[in-house]
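Asks: data_31.csv is reproduced below (CSV, C-alpha atoms and all ligand atoms).
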```
chain,number,residue,atom,x,y,z
K,6,MET,CA,13.4,17.6,-10.4
K,7,LEU,CA,15.7,15.1,-8.7
K,8,VAL,CA,13.7,13.5,-5.9
K,9,LEU,CA,15.1,11.1,-3.3
K,10,VAL,CA,12.3,8.8,-2.2
K,11,ILE,CA,12.8,7.3,1.3
K,12,ASN,CA,10.9,4.5,3.0
K,13,SER,CA,12.3,4.5,6.5
K,14,GLY,CA,11.7,1.5,8.7
K,15,SER,CA,12.9,0.9,12.2
K,16,SER,CA,15.9,-1.2,11.1
K,17,SER,CA,16.2,-0.3,7.4
K,18,LEU,CA,16.1,2.6,5.0
K,19,LYS,CA,15.0,1.9,1.4
K,20,TYR,CA,15.7,4.7,-1.1
K,21,GLN,CA,15.3,5.6,-4.8
K,22,VAL,CA,16.3,8.6,-6.7
K,23,ARG,CA,13.9,9.6,-9.5
K,24,GLU,CA,14.1,12.3,-12.1
K,25,THR,CA,10.5,13.4,-12.2
K,26,ASP,CA,10.3,14.7,-15.8
K,27,SER,CA,11.8,11.7,-17.5
K,28,GLN,CA,10.6,9.2,-14.8
K,29,ASP,CA,14.2,7.8,-14.8
K,30,LEU,CA,15.4,5.8,-11.9
K,31,LEU,CA,18.9,7.1,-11.1
K,32,ALA,CA,19.7,5.2,-7.9
K,33,LYS,CA,18.1,2.5,-5.8
K,34,GLY,CA,19.1,0.6,-2.7
K,35,ILE,CA,18.7,-0.3,0.9
K,36,ILE,CA,20.7,0.4,4.1
K,37,ASP,CA,19.7,-2.2,6.6
K,38,ARG,CA,20.7,-3.4,10.0
K,39,ILE,CA,20.1,0.0,11.5
K,40,GLY,CA,20.6,-0.4,15.2
K,41,GLU,CA,23.1,-3.1,14.7
K,42,VAL,CA,25.8,-2.6,12.1
K,43,VAL,CA,24.7,1.0,11.3
K,44,PRO,CA,24.2,2.7,14.7
K,45,ASP,CA,21.2,4.9,13.9
K,46,HIS,CA,19.2,6.8,11.2
K,47,ALA,CA,21.7,9.6,11.2
K,48,ALA,CA,24.5,7.2,10.4
K,49,ALA,CA,22.3,5.6,7.7
K,50,LEU,CA,22.0,9.1,6.1
K,51,GLU,CA,25.8,9.5,6.1
K,52,GLU,CA,26.1,6.2,4.3
K,53,LEU,CA,23.4,7.2,1.9
K,54,SER,CA,25.0,10.5,1.2
K,55,GLY,CA,28.3,8.8,0.3
K,56,ARG,CA,26.5,6.4,-2.0
K,57,LEU,CA,24.6,9.2,-3.8
K,58,ARG,CA,27.7,11.2,-4.3
K,59,GLU,CA,29.1,8.3,-6.3
K,60,GLU,CA,25.9,7.2,-8.1
K,61,LEU,CA,24.6,10.7,-9.1
K,62,ASP,CA,27.9,12.0,-10.7
K,63,GLY,CA,27.8,15.2,-8.7
K,64,ARG,CA,24.1,16.0,-9.4
K,65,THR,CA,22.3,17.1,-6.2
K,66,ILE,CA,18.9,16.2,-4.8
K,67,ASP,CA,16.2,18.8,-5.1
K,68,ALA,CA,13.7,17.3,-2.7
K,69,VAL,CA,13.0,14.3,-0.5
K,70,GLY,CA,9.7,12.4,-0.4
K,71,HIS,CA,9.0,10.1,2.5
K,72,ARG,CA,6.5,7.2,2.5
K,73,VAL,CA,4.7,7.6,5.8
K,74,VAL,CA,2.3,4.8,6.7
K,75,HIS,CA,-0.2,6.6,9.0
K,76,GLY,CA,-1.6,10.0,8.4
K,77,GLY,CA,-4.6,9.5,10.8
K,78,GLU,CA,-7.6,11.7,10.2
K,79,ARG,CA,-5.5,14.8,9.7
K,80,PHE,CA,-3.7,14.2,6.4
K,81,SER,CA,-5.7,13.8,3.2
K,82,GLU,CA,-2.9,14.7,0.9
K,83,PRO,CA,0.9,14.9,0.7
K,84,VAL,CA,2.4,17.8,2.7
K,85,LEU,CA,5.5,19.9,2.9
K,86,ILE,CA,7.3,18.9,6.2
K,87,ASN,CA,8.1,21.3,8.9
K,88,ASN,CA,8.6,20.7,12.7
K,89,GLU,CA,5.0,20.7,13.5
K,90,ILE,CA,4.3,18.1,10.8
K,91,VAL,CA,7.0,15.7,12.1
K,92,ARG,CA,5.5,16.1,15.6
K,93,SER,CA,2.1,15.3,14.2
K,94,ILE,CA,3.5,12.1,12.5
K,95,GLU,CA,5.1,11.1,15.8
K,96,ARG,CA,1.8,11.8,17.7
K,97,LEU,CA,0.1,9.2,15.3
K,98,SER,CA,2.6,6.5,16.5
K,99,PRO,CA,0.0,4.7,18.6
K,100,LEU,CA,-1.8,3.9,15.3
K,101,ALA,CA,1.4,2.6,13.6
K,102,PRO,CA,3.9,1.8,16.3
K,103,LEU,CA,6.5,0.2,14.1
K,104,HIS,CA,6.2,2.6,11.1
K,105,ASN,CA,5.5,6.2,12.2
K,106,PRO,CA,8.4,6.6,14.7
K,107,ALA,CA,10.8,5.2,12.0
K,108,SER,CA,9.5,7.7,9.4
K,109,ALA,CA,10.0,10.6,11.9
K,110,MET,CA,13.6,9.4,12.5
K,111,GLY,CA,14.2,9.3,8.8
K,112,ILE,CA,12.8,12.9,8.3
K,113,ARG,CA,14.9,14.3,11.2
K,114,ALA,CA,18.0,12.6,9.9
K,115,VAL,CA,17.5,14.1,6.5
K,116,HIS,CA,16.9,17.5,8.0
K,117,ALA,CA,20.1,17.3,10.1
K,118,LYS,CA,22.1,16.3,7.1
K,119,TRP,CA,20.6,18.5,4.4
K,120,PRO,CA,18.7,21.3,6.3
K,121,LYS,CA,17.9,23.2,3.1
K,122,ILE,CA,16.3,20.4,1.1
K,123,PRO,CA,12.5,20.5,1.2
K,124,GLN,CA,10.9,17.3,2.4
K,125,VAL,CA,7.4,16.0,1.7
K,126,ALA,CA,5.4,13.3,3.5
K,127,VAL,CA,3.2,11.1,1.4
K,128,PHE,CA,0.7,9.0,3.5
K,129,ASP,CA,-0.5,5.5,2.8
K,130,THR,CA,-3.8,6.4,4.4
K,131,ALA,CA,-4.4,9.8,2.7
K,132,PHE,CA,-6.3,8.6,-0.4
K,133,HIS,CA,-8.9,6.9,1.8
K,134,ARG,CA,-9.8,10.1,3.7
K,135,THR,CA,-12.8,10.3,1.3
K,136,LEU,CA,-14.5,7.2,2.8
K,137,PRO,CA,-18.0,8.1,3.9
K,138,GLU,CA,-18.8,7.5,7.6
K,139,HIS,CA,-20.9,4.5,7.0
K,140,ALA,CA,-17.8,2.8,5.5
K,141,TRP,CA,-15.2,3.9,8.1
K,142,ARG,CA,-17.3,3.4,11.2
K,143,TYR,CA,-17.1,0.1,13.1
K,144,ALA,CA,-20.3,-0.9,15.0
K,145,LEU,CA,-18.5,-0.3,18.3
K,146,PRO,CA,-19.2,2.2,21.1
K,147,ASP,CA,-18.4,5.8,20.0
K,148,SER,CA,-16.0,6.2,23.0
K,149,LEU,CA,-13.5,3.8,21.3
K,150,TYR,CA,-13.4,6.1,18.3
K,151,ARG,CA,-13.2,9.3,20.4
K,152,ARG,CA,-10.6,8.0,22.9
K,153,HIS,CA,-8.5,5.8,20.7
K,154,GLY,CA,-9.2,6.8,17.1
K,155,ILE,CA,-10.6,3.3,16.4
K,156,ARG,CA,-12.1,3.5,12.8
K,157,ARG,CA,-11.3,2.3,9.3
K,158,TYR,CA,-8.3,4.1,7.9
K,159,GLY,CA,-7.2,1.9,5.0
K,160,PHE,CA,-3.7,1.6,3.5
K,161,HIS,CA,-2.0,1.3,0.0
K,162,GLY,CA,-3.5,4.7,-0.8
K,163,THR,CA,-0.4,5.9,-2.7
K,164,SER,CA,-0.8,2.9,-5.0
K,165,TYR,CA,-4.5,3.3,-5.5
K,166,ALA,CA,-4.0,7.0,-6.2
K,167,TYR,CA,-1.5,6.1,-8.9
K,168,VAL,CA,-3.3,3.2,-10.5
K,169,ALA,CA,-6.8,4.5,-10.6
K,170,PRO,CA,-6.2,7.4,-13.1
K,171,VAL,CA,-3.8,5.1,-15.2
K,172,ALA,CA,-6.6,2.5,-15.6
K,173,ALA,CA,-9.3,5.2,-16.3
K,174,ARG,CA,-7.2,6.8,-19.0
K,175,PHE,CA,-6.4,3.4,-20.6
K,176,LEU,CA,-10.2,2.9,-20.9
K,177,GLY,CA,-10.8,6.4,-22.2
K,178,ILE,CA,-12.7,7.4,-19.1
K,179,ASP,CA,-12.3,10.7,-17.2
K,180,PRO,CA,-10.4,9.7,-14.0
K,181,GLU,CA,-12.9,11.8,-12.0
K,182,GLU,CA,-15.8,9.7,-13.4
K,183,PHE,CA,-14.2,6.4,-12.9
K,184,ASN,CA,-15.9,3.6,-10.9
K,185,ALA,CA,-13.7,0.6,-10.2
K,186,VAL,CA,-12.7,-2.1,-7.9
K,187,ILE,CA,-8.9,-2.2,-7.6
K,188,ALA,CA,-7.0,-5.1,-5.9
K,189,HIS,CA,-3.5,-4.3,-4.7
K,190,LEU,CA,-2.0,-7.7,-4.2
K,191,GLY,CA,1.6,-7.7,-2.8
K,192,ASN,CA,2.9,-9.3,0.4
K,193,GLY,CA,0.3,-7.1,2.0
K,194,ALA,CA,-2.9,-7.1,0.1
K,195,SER,CA,-6.1,-5.0,0.0
K,196,VAL,CA,-8.9,-4.0,-2.3
K,197,ALA,CA,-10.4,-0.5,-2.8
K,198,ALA,CA,-13.8,0.6,-4.0
K,199,ILE,CA,-13.4,3.7,-6.3
K,200,GLN,CA,-16.3,5.9,-7.1
K,201,GLY,CA,-15.9,9.0,-9.2
K,202,GLY,CA,-12.1,8.5,-8.9
K,203,LYS,CA,-12.3,8.6,-5.0
K,204,SER,CA,-11.9,5.8,-2.5
K,205,ILE,CA,-15.3,5.0,-0.8
K,206,ASP,CA,-14.3,1.8,0.8
K,207,THR,CA,-11.3,-0.4,1.4
K,208,SER,CA,-10.6,-3.8,3.0
K,209,MET,CA,-7.8,-2.8,5.3
K,210,GLY,CA,-9.1,-1.2,8.4
K,211,PHE,CA,-7.8,0.3,11.7
K,212,THR,CA,-4.6,-1.5,10.8
K,213,PRO,CA,-3.4,-3.4,7.7
K,214,LEU,CA,-4.6,-6.7,9.2
K,215,GLU,CA,-8.2,-6.6,8.1
K,216,GLY,CA,-9.6,-7.9,4.8
K,217,LEU,CA,-7.8,-10.2,2.3
K,218,VAL,CA,-5.7,-13.3,3.0
K,219,MET,CA,-2.1,-12.0,2.7
K,220,GLY,CA,1.4,-13.4,2.8
K,221,THR,CA,1.6,-13.7,6.5
K,222,ARG,CA,-1.6,-11.9,7.7
K,223,SER,CA,-4.9,-13.6,8.3
K,224,GLY,CA,-7.2,-10.8,7.0
K,225,ASP,CA,-10.8,-11.1,8.3
K,226,VAL,CA,-11.4,-13.4,11.2
K,227,ASP,CA,-14.1,-13.6,13.8
K,228,PRO,CA,-12.9,-11.2,16.6
K,229,SER,CA,-14.1,-13.7,19.2
K,230,ILE,CA,-11.2,-16.0,18.2
K,231,LEU,CA,-8.9,-13.4,19.9
K,232,ILE,CA,-11.1,-13.3,23.0
K,233,PHE,CA,-11.1,-17.1,23.1
K,234,LEU,CA,-7.3,-17.2,22.8
K,235,ALA,CA,-6.8,-14.4,25.3
K,236,ARG,CA,-8.7,-16.6,27.8
K,237,GLN,CA,-6.4,-19.5,26.9
K,238,GLY,CA,-3.5,-17.3,28.0
K,239,TYR,CA,-2.2,-15.8,24.7
K,240,ASP,CA,-0.9,-12.3,25.4
K,241,ALA,CA,-1.1,-9.3,23.1
K,242,ASP,CA,2.4,-9.8,21.6
K,243,THR,CA,1.8,-13.4,20.9
K,244,LEU,CA,-1.6,-12.6,19.2
K,245,ASP,CA,0.1,-9.8,17.2
K,246,ASP,CA,2.7,-12.3,15.9
K,247,LEU,CA,0.1,-15.0,15.3
K,248,LEU,CA,-2.1,-12.8,13.1
K,249,ASN,CA,0.4,-10.6,11.4
K,250,ARG,CA,3.4,-12.9,10.9
K,251,GLU,CA,2.3,-16.5,11.2
K,252,SER,CA,-1.1,-16.5,9.4
K,253,GLY,CA,-2.3,-16.0,5.8
K,254,LEU,CA,-0.7,-17.9,3.0
K,255,ARG,CA,2.1,-18.9,5.4
K,256,ALA,CA,-0.3,-20.6,7.8
K,257,LEU,CA,-2.2,-22.3,5.0
K,258,ALA,CA,0.6,-23.3,2.7
K,259,GLY,CA,3.7,-23.2,4.9
K,260,GLU,CA,5.0,-20.5,2.5
K,261,SER,CA,4.2,-16.8,2.2
K,262,ASP,CA,5.6,-16.2,-1.3
K,263,MET,CA,3.1,-16.6,-4.1
K,264,ARG,CA,5.6,-17.9,-6.6
K,265,ALA,CA,6.6,-20.8,-4.3
K,266,ILE,CA,2.9,-21.6,-3.5
K,267,GLU,CA,2.0,-21.7,-7.2
K,268,GLU,CA,4.9,-24.0,-7.9
K,269,ALA,CA,3.9,-26.3,-5.0
K,270,ALA,CA,0.3,-26.3,-6.3
K,271,VAL,CA,1.5,-27.3,-9.7
K,272,ASN,CA,3.6,-30.1,-8.1
K,273,GLY,CA,0.5,-31.5,-6.4
K,274,SER,CA,0.6,-29.9,-2.9
K,275,GLU,CA,-3.0,-30.0,-1.6
K,276,GLN,CA,-2.0,-27.4,1.1
K,277,ALA,CA,-0.8,-25.0,-1.6
K,278,ARG,CA,-4.0,-25.5,-3.6
K,279,LEU,CA,-6.2,-24.8,-0.6
K,280,ALA,CA,-4.2,-21.7,0.2
K,281,LEU,CA,-4.8,-20.3,-3.3
K,282,ALA,CA,-8.5,-21.3,-3.1
K,283,VAL,CA,-9.0,-19.5,0.3
K,284,ALA,CA,-7.2,-16.4,-0.9
K,285,ALA,CA,-9.0,-16.2,-4.3
K,286,TYR,CA,-12.4,-16.9,-2.8
K,287,ARG,CA,-11.9,-14.1,-0.2
K,288,LEU,CA,-10.9,-11.6,-2.9
K,289,ALA,CA,-13.8,-12.6,-5.2
K,290,LYS,CA,-16.3,-12.0,-2.4
K,291,TYR,CA,-14.8,-8.5,-1.8
K,292,ILE,CA,-15.0,-7.7,-5.6
K,293,GLY,CA,-18.7,-8.6,-5.6
K,294,ALA,CA,-19.3,-6.5,-2.5
K,295,TYR,CA,-17.4,-3.5,-3.9
K,296,HIS,CA,-19.1,-3.7,-7.3
K,297,VAL,CA,-22.3,-3.0,-5.3
K,298,ALA,CA,-20.6,-0.4,-3.1
K,299,VAL,CA,-19.6,1.8,-6.1
K,300,GLY,CA,-23.0,1.4,-7.8
K,301,GLY,CA,-21.6,-0.8,-10.6
K,302,ALA,CA,-17.9,-0.7,-11.4
K,303,GLN,CA,-16.6,0.0,-14.9
K,304,ALA,CA,-13.5,-2.2,-14.3
K,305,VAL,CA,-11.8,-4.6,-12.0
K,306,VAL,CA,-8.1,-3.8,-11.8
K,307,PHE,CA,-5.3,-6.0,-10.6
K,308,THR,CA,-2.0,-4.5,-9.4
K,309,ALA,CA,1.2,-5.1,-7.3
K,310,GLY,CA,3.4,-8.2,-7.3
K,311,ILE,CA,0.7,-10.9,-7.4
K,312,GLY,CA,-1.8,-8.8,-9.2
K,313,GLU,CA,0.6,-8.0,-12.0
K,314,ASN,CA,2.3,-11.3,-12.3
K,315,SER,CA,0.2,-14.2,-11.2
K,316,TRP,CA,-2.0,-15.1,-14.0
K,317,GLU,CA,-3.1,-18.3,-12.2
K,318,PHE,CA,-4.3,-16.3,-9.1
K,319,ARG,CA,-6.1,-13.8,-11.4
K,320,ARG,CA,-7.8,-16.7,-13.2
K,321,GLN,CA,-9.0,-18.2,-10.0
K,322,VAL,CA,-10.5,-14.9,-8.8
K,323,VAL,CA,-12.1,-13.8,-12.1
K,324,ASP,CA,-13.5,-17.3,-12.7
K,325,GLN,CA,-15.7,-16.7,-9.7
K,326,LEU,CA,-17.1,-13.5,-11.1
K,327,GLY,CA,-19.2,-15.2,-13.8
K,328,PRO,CA,-22.6,-14.3,-12.0
K,329,LEU,CA,-21.7,-10.6,-12.6
K,330,GLY,CA,-21.1,-11.3,-16.3
K,331,ILE,CA,-17.3,-10.7,-15.9
K,332,ARG,CA,-15.3,-13.0,-18.1
K,333,LEU,CA,-11.6,-13.5,-18.6
K,334,ASP,CA,-9.7,-13.8,-21.9
K,335,ALA,CA,-7.4,-16.7,-21.1
K,336,ASP,CA,-4.8,-15.8,-23.7
K,337,ALA,CA,-4.7,-12.1,-22.7
K,338,ASN,CA,-4.4,-13.2,-19.1
K,339,ALA,CA,-1.4,-15.3,-19.8
K,340,VAL,CA,0.6,-12.5,-21.5
K,341,ARG,CA,3.3,-11.0,-19.4
K,342,GLY,CA,4.0,-7.3,-19.6
K,343,LYS,CA,4.9,-4.1,-17.9
K,344,GLN,CA,2.1,-2.1,-19.5
K,345,VAL,CA,-1.4,-1.6,-18.5
K,346,ARG,CA,-3.5,-4.2,-20.4
K,347,ARG,CA,-7.0,-5.7,-20.7
K,348,ILE,CA,-7.5,-9.3,-19.7
K,349,SER,CA,-11.3,-9.6,-20.0
K,350,SER,CA,-13.0,-11.1,-23.0
K,351,ALA,CA,-14.9,-9.1,-25.6
K,352,ASP,CA,-18.2,-10.3,-24.1
K,353,SER,CA,-17.4,-9.5,-20.5
K,354,ALA,CA,-19.9,-7.2,-18.8
K,355,ILE,CA,-17.0,-4.9,-17.6
K,356,ASP,CA,-13.3,-4.7,-18.2
K,357,VAL,CA,-10.7,-6.5,-16.2
K,358,LEU,CA,-7.3,-4.8,-16.3
K,359,VAL,CA,-3.8,-5.4,-15.1
K,360,ALA,CA,-2.1,-2.1,-14.3
K,361,PRO,CA,1.4,-1.9,-12.8
K,362,THR,CA,1.8,0.2,-9.7
K,363,ASP,CA,4.8,2.3,-8.9
K,364,GLU,CA,4.6,3.7,-5.4
K,365,GLU,CA,8.1,5.3,-5.6
K,366,GLU,CA,7.2,7.1,-8.8
K,367,ALA,CA,3.9,8.3,-7.2
K,368,ILE,CA,5.8,9.6,-4.2
K,369,ALA,CA,8.4,11.3,-6.4
K,370,GLU,CA,5.6,13.0,-8.5
K,371,ALA,CA,3.7,14.0,-5.4
K,372,THR,CA,6.8,15.4,-3.8
K,373,ALA,CA,7.8,17.5,-6.9
K,374,ALA,CA,4.2,18.8,-7.1
K,375,VAL,CA,4.1,19.9,-3.5
K,376,VAL,CA,7.5,21.5,-3.7
K,377,ALA,CA,6.6,23.4,-6.9
K,378,ARG,CA,3.4,24.6,-5.4
K,379,ALA,CA,5.2,25.8,-2.2
K,380,ALA,CA,7.8,27.7,-4.4
K,381,ASP,CA,4.9,29.3,-6.4
K,382,SER,CA,3.1,30.5,-3.3
K,383,ALA,CA,6.4,31.8,-1.8
K,384,ALA,CA,7.1,33.7,-5.1
K,385,SER,CA,3.6,35.3,-5.2
K,386,PHE,CA,3.8,36.3,-1.5
P,1,LIG,P1,5.4,-5.9,-1.4
P,1,LIG,O1,4.0,-5.8,-0.7
P,1,LIG,O2,6.5,-6.4,-0.5
P,1,LIG,O3,5.7,-4.6,-2.1
P,1,LIG,P2,5.1,-7.0,-4.0
P,1,LIG,O4,4.2,-6.1,-4.6
P,1,LIG,O5,6.5,-7.0,-4.5
P,1,LIG,O6,5.2,-7.0,-2.4
P,1,LIG,O7,4.5,-8.5,-4.2
P,1,LIG,C1,5.2,-9.6,-3.7
P,1,LIG,C2,4.4,-10.9,-4.1
P,1,LIG,O8,4.3,-11.0,-5.5
P,1,LIG,C3,5.0,-12.2,-3.6
P,1,LIG,O9,4.0,-13.0,-3.0
P,1,LIG,C4,5.6,-12.7,-4.9
P,1,LIG,O10,5.6,-14.2,-4.8
P,1,LIG,C5,4.5,-12.3,-5.9
P,1,LIG,N1,5.0,-12.4,-7.2
P,1,LIG,C6,6.1,-11.7,-7.8
P,1,LIG,N2,6.3,-12.1,-9.1
P,1,LIG,C7,5.5,-13.2,-9.3
P,1,LIG,C8,5.2,-14.1,-10.4
P,1,LIG,N3,5.9,-14.0,-11.5
P,1,LIG,N4,4.3,-15.0,-10.2
P,1,LIG,C9,3.6,-15.1,-9.1
P,1,LIG,N5,3.7,-14.3,-8.0
P,1,LIG,C10,4.7,-13.3,-8.1
```
Show this structure as C-alpha cells.
Ligand code: ADP
Replies:
Amino acid sequence: MLVLVINSGSSSLKYQVRETDSQDLLAKGIIDRIGEVVPDHAAALEELSGRLREELDGRTIDAVGHRVVHGGERFSEPVLINNEIVRSIERLSPLAPLHNPASAMGIRAVHAKWPKIPQVAVFDTAFHRTLPEHAWRYALPDSLYRRHGIRRYGFHGTSYAYVAPVAARFLGIDPEEFNAVIAHLGNGASVAAIQGGKSIDTSMGFTPLEGLVMGTRSGDVDPSILIFLARQGYDADTLDDLLNRESGLRALAGESDMRAIEEAAVNGSEQARLALAVAAYRLAKYIGAYHVAVGGAQAVVFTAGIGENSWEFRRQVVDQLGPLGIRLDADANAVRGKQVRRISSADSAIDVLVAPTDEEEAIAEATAAVVARAADSAASF
C-alpha cells in the first residue's frame, strides 16, 4: 500500500510517502510558511499534490496517515477518520492548542482534495491509554480532572509502540511479555515504563513539558516557581515561552542541539558539561524509578536522535546505573549503526539496547492496517 504520512503543523506540513510492504521511502519533504507564502492548508495540499505527481511517476496514494498529537481519553488506537472523528480531534484542542487544530486543518484539506482516499489518525497519546490510574492521576482536586481533563496523558506513543516490540524481538522475548524502560531522546524527550508490552507510566504528563530535561523545555520543576513568577508579574504567555522554549539545554548551555553541546563540552565549556550532567542525572533517576515501576525491567532502550547517536550522553546515563548492576560495554557503545544493537557488557544485570525509531514507518503501517481492516469488514457486511 502507498501511504502518505502527514505531520500537519500550524505553519508547516511535513510529509513522507511509504510503500508499506517494502518499507521503501518514495517521497519526503516539507511545505512551510503556511499562512505567509502559502495562504492556507488547502493551498499546501495543492502544492503537495503537484510534487507527488512528479515524484511518484503516476503512482497514486492509497491512504493518508496523520500524526495527531492529542487523542485525549477517547483514542487508544489509530482510527479511520470521518467527520465525527475530525470534530473530536478539534474538541481536544484545549489540550494541544498548537497541534490539534493544525491536524484537523490538514485532514480537512486532504478530504477536500482527495475525497475518496481513506484517512487514518495516529495519536501520540494513544499508547499511554493503558496507564493505571495511580500513574495518571495528579494529587490535585478531582474537579480539575473532571472540568479540565487535567491528568497525565503522555506523548511519543507512536515511537514507543514501534520500538518496544523491535527491542523485545531482538532479545528473543515475546513483545507481550516484555518489561522495559525506553528513553525517547529527541528535541523533545521522554521515558516510558513498559510492562507486559504496555505503557504503565511515562515522564511527559498533561503536556509534553513534564519530565526530562529537553532541548528547550525545562522538564520537572517545582510548580511553586510558576506561582512565584506570576506574583512577580510574569503572564501566562511569558511563562509558556520561558518553560517551553527558553529552558532545558538551551538555558543551561546556551544551545539546544546535542551535537553542539557535546562539541562545546569537548572544547572545555563548563556550561555545556553542566547541561549534560543535569540532563543525564535526570534521566538516570527516571530509569531507576521505572525499573521499580515495571517490577524489574529486562532492558533499558535508547531511541531517537540523541538516544541513537550520542554515545557520550548514553555513557553518562548508564554509568549512573551501576547500583542496579547495569553496565555498559564501552566499545559496543561507541559503534555507530542503524540497526538495533546491544551496548551493555556481558556481566550487566539487564540488557541495554539502542533501537532506532521510525515514527513515519509506524504511522504508515498503522494506517495500512486500519484501512485493510475497514475494507475487510465492509466486504463481510
Ligand atoms: P525531533 O524530536 O525533532 O524528532 P530528533 O529525534 O531528530 O528530534 O533528535 C534531535 C536531537 O538529536 C538533537 O539534539 C541532535 O543534536 C541530536 N543528535 C542527532 N545526531 C546526533 C549525533 N550524531 N550526536 C549527538 N547528538 C545527535
Asks: Please identify all polymer residues within 10 Å of range 266-280 of chain K, counting all atoms listed in the file, omitting same-chain residues fewer than 2 positions from it, and present them as a VMD selection string.
Replies: chain K and resid 218 253 to 264 282 to 286 315 317 to 318
Asks: Compare K:Gly293, K:Gly193, K:Gly301, K:Pro228 by their minimum atom-to-atom distance to ligand LIG 1 (chain P), counting all atoms listed in the file, and give me the closest one.
Replies: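 So, comparing all the options, the nearest one is K:Gly193.
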Asks: Between K:Ala302, K:Leu329, K:Ala188, K:Ala197, which has the minimum distance to ligand LIG 1 (chain P) (counting all atoms listed in the file)?
Replies: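 Closest candidate: K:Ala188.
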Asks: Could you state the separation of CA of Pro361 in chain K and CA of Thr135 in chain K in Å, given to one decimal place?
Replies: 23.4 Å
Asks: If you count only C-alpha atoms, which residues fall within 7 Å of range 12-19 of chain K, apart from same-chain ones fewer than 5 positions away, as a list in words?
Replies: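 The filter keeps Gly34, Ile35, Ile36, Asp37, Arg38, Ile39, Gly40, His71, Arg72, Leu103, His104, Ala107, Ser108 and Gly111 of chain K.
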Asks: Have a look at CA of Ile155 in chain K and CA of Val73 in chain K and let me know their distance in Å, one decimal.
Replies: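 CA of Val73 in chain K lies 19.1 Å from CA of Ile155 in chain K.
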Asks: Counting all atoms listed in the file, which residue out of K:Pro83, K:Gly327, K:Gly191, K:Gly220 sits closest to Asn314 in chain K?
Replies: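 Counting all atoms listed in the file, the residue closest to Asn314 in chain K is K:Gly191.
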Asks: With distances taken over only C-alpha atoms and all ligand atoms, which of K:Met6, K:Ile348, K:Ala48, K:Val340 is nearest to ligand LIG 1 (chain P)?
Replies: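 The closest residue to ligand LIG 1 (chain P) is K:Val340.
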Asks: Would you pick out the contacts of range 378-381 of chain K at 12 Å or less, using all atoms listed in the file, so that residues sharing its chain but fewer than 2 positions from it are not included, and give the list as a PDB file with C-alpha atoms, in the frame of the given file?
Replies:
```pdb
ATOM      1  CA  PRO K  83       0.900  14.900   0.700  1.00  0.00           C
ATOM      2  CA  VAL K  84       2.400  17.800   2.700  1.00  0.00           C
ATOM      3  CA  LEU K  85       5.500  19.900   2.900  1.00  0.00           C
ATOM      4  CA  ILE K  86       7.300  18.900   6.200  1.00  0.00           C
ATOM      5  CA  PRO K 123      12.500  20.500   1.200  1.00  0.00           C
ATOM      6  CA  GLN K 124      10.900  17.300   2.400  1.00  0.00           C
ATOM      7  CA  VAL K 125       7.400  16.000   1.700  1.00  0.00           C
ATOM      8  CA  ALA K 371       3.700  14.000  -5.400  1.00  0.00           C
ATOM      9  CA  THR K 372       6.800  15.400  -3.800  1.00  0.00           C
ATOM     10  CA  ALA K 373       7.800  17.500  -6.900  1.00  0.00           C
ATOM     11  CA  ALA K 374       4.200  18.800  -7.100  1.00  0.00           C
ATOM     12  CA  VAL K 375       4.100  19.900  -3.500  1.00  0.00           C
ATOM     13  CA  VAL K 376       7.500  21.500  -3.700  1.00  0.00           C
ATOM     14  CA  ALA K 383       6.400  31.800  -1.800  1.00  0.00           C
ATOM     15  CA  ALA K 384       7.100  33.700  -5.100  1.00  0.00           C
ATOM     16  CA  SER K 385       3.600  35.300  -5.200  1.00  0.00           C
ATOM     17  CA  PHE K 386       3.800  36.300  -1.500  1.00  0.00           C
TER      18      PHE K 386
END
```
Asks: CA of Phe128 in chain K and CA of Leu30 in chain K, how far apart in Å?
Replies: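 About the pair CA of Leu30 in chain K and CA of Phe128 in chain K: they are 21.5 Å apart.
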Asks: Extract, using only C-alpha atoms, all DNA, RNA and protein residues at most 9 Å from Gln303 in chain K, discarding same-chain residues fewer than 2 positions from it, and format them as a list in words.
Replies: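 The contact residues come out as Phe183, Asn184, Ala185, Val186, His296, Gly301, Val305, Ala354, Ile355, Asp356 and Val357 of chain K.
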Asks: Quick one: residues within 10 Å of Asn338 in chain K, all atoms listed in the file counted, chain neighbours fewer than 2 positions away excluded, as a list in words?
Replies: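 That gives Asn314, Ser315, Trp316, Glu317, Arg319, Arg320, Leu333, Asp334, Ala335, Asp336, Val340, Arg341, Arg346, Arg347, Ile348, Ser349, Ser350, Val357, Leu358 and Val359 of chain K.
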Asks: Take range 233-238 of chain K from the preceding structure and save N, CA, C and O atoms as a PDB file, in the first residue's frame.
Replies:
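Saved to decode_25.pdb:
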```
ATOM      1  N   PHE K 233       5.388  31.843  42.081  1.00  0.00           N
ATOM      2  CA  PHE K 233       6.298  32.921  42.455  1.00  0.00           C
ATOM      3  C   PHE K 233       6.443  33.918  41.295  1.00  0.00           C
ATOM      4  O   PHE K 233       6.309  35.125  41.473  1.00  0.00           O
ATOM      5  N   LEU K 234       6.695  33.388  40.093  1.00  0.00           N
ATOM      6  CA  LEU K 234       6.909  34.274  38.942  1.00  0.00           C
ATOM      7  C   LEU K 234       5.622  35.020  38.566  1.00  0.00           C
ATOM      8  O   LEU K 234       5.672  36.191  38.180  1.00  0.00           O
ATOM      9  N   ALA K 235       4.473  34.342  38.687  1.00  0.00           N
ATOM     10  CA  ALA K 235       3.193  35.011  38.405  1.00  0.00           C
ATOM     11  C   ALA K 235       3.039  36.211  39.326  1.00  0.00           C
ATOM     12  O   ALA K 235       2.612  37.290  38.896  1.00  0.00           O
ATOM     13  N   ARG K 236       3.423  36.033  40.578  1.00  0.00           N
ATOM     14  CA  ARG K 236       3.314  37.157  41.531  1.00  0.00           C
ATOM     15  C   ARG K 236       4.315  38.268  41.212  1.00  0.00           C
ATOM     16  O   ARG K 236       4.134  39.409  41.614  1.00  0.00           O
ATOM     17  N   GLN K 237       5.375  37.898  40.503  1.00  0.00           N
ATOM     18  CA  GLN K 237       6.342  38.918  40.072  1.00  0.00           C
ATOM     19  C   GLN K 237       5.882  39.623  38.791  1.00  0.00           C
ATOM     20  O   GLN K 237       6.610  40.453  38.254  1.00  0.00           O
ATOM     21  N   GLY K 238       4.738  39.206  38.249  1.00  0.00           N
ATOM     22  CA  GLY K 238       4.202  39.886  37.073  1.00  0.00           C
ATOM     23  C   GLY K 238       4.365  39.135  35.756  1.00  0.00           C
ATOM     24  O   GLY K 238       4.006  39.660  34.705  1.00  0.00           O
TER      25      GLY K 238
END
```
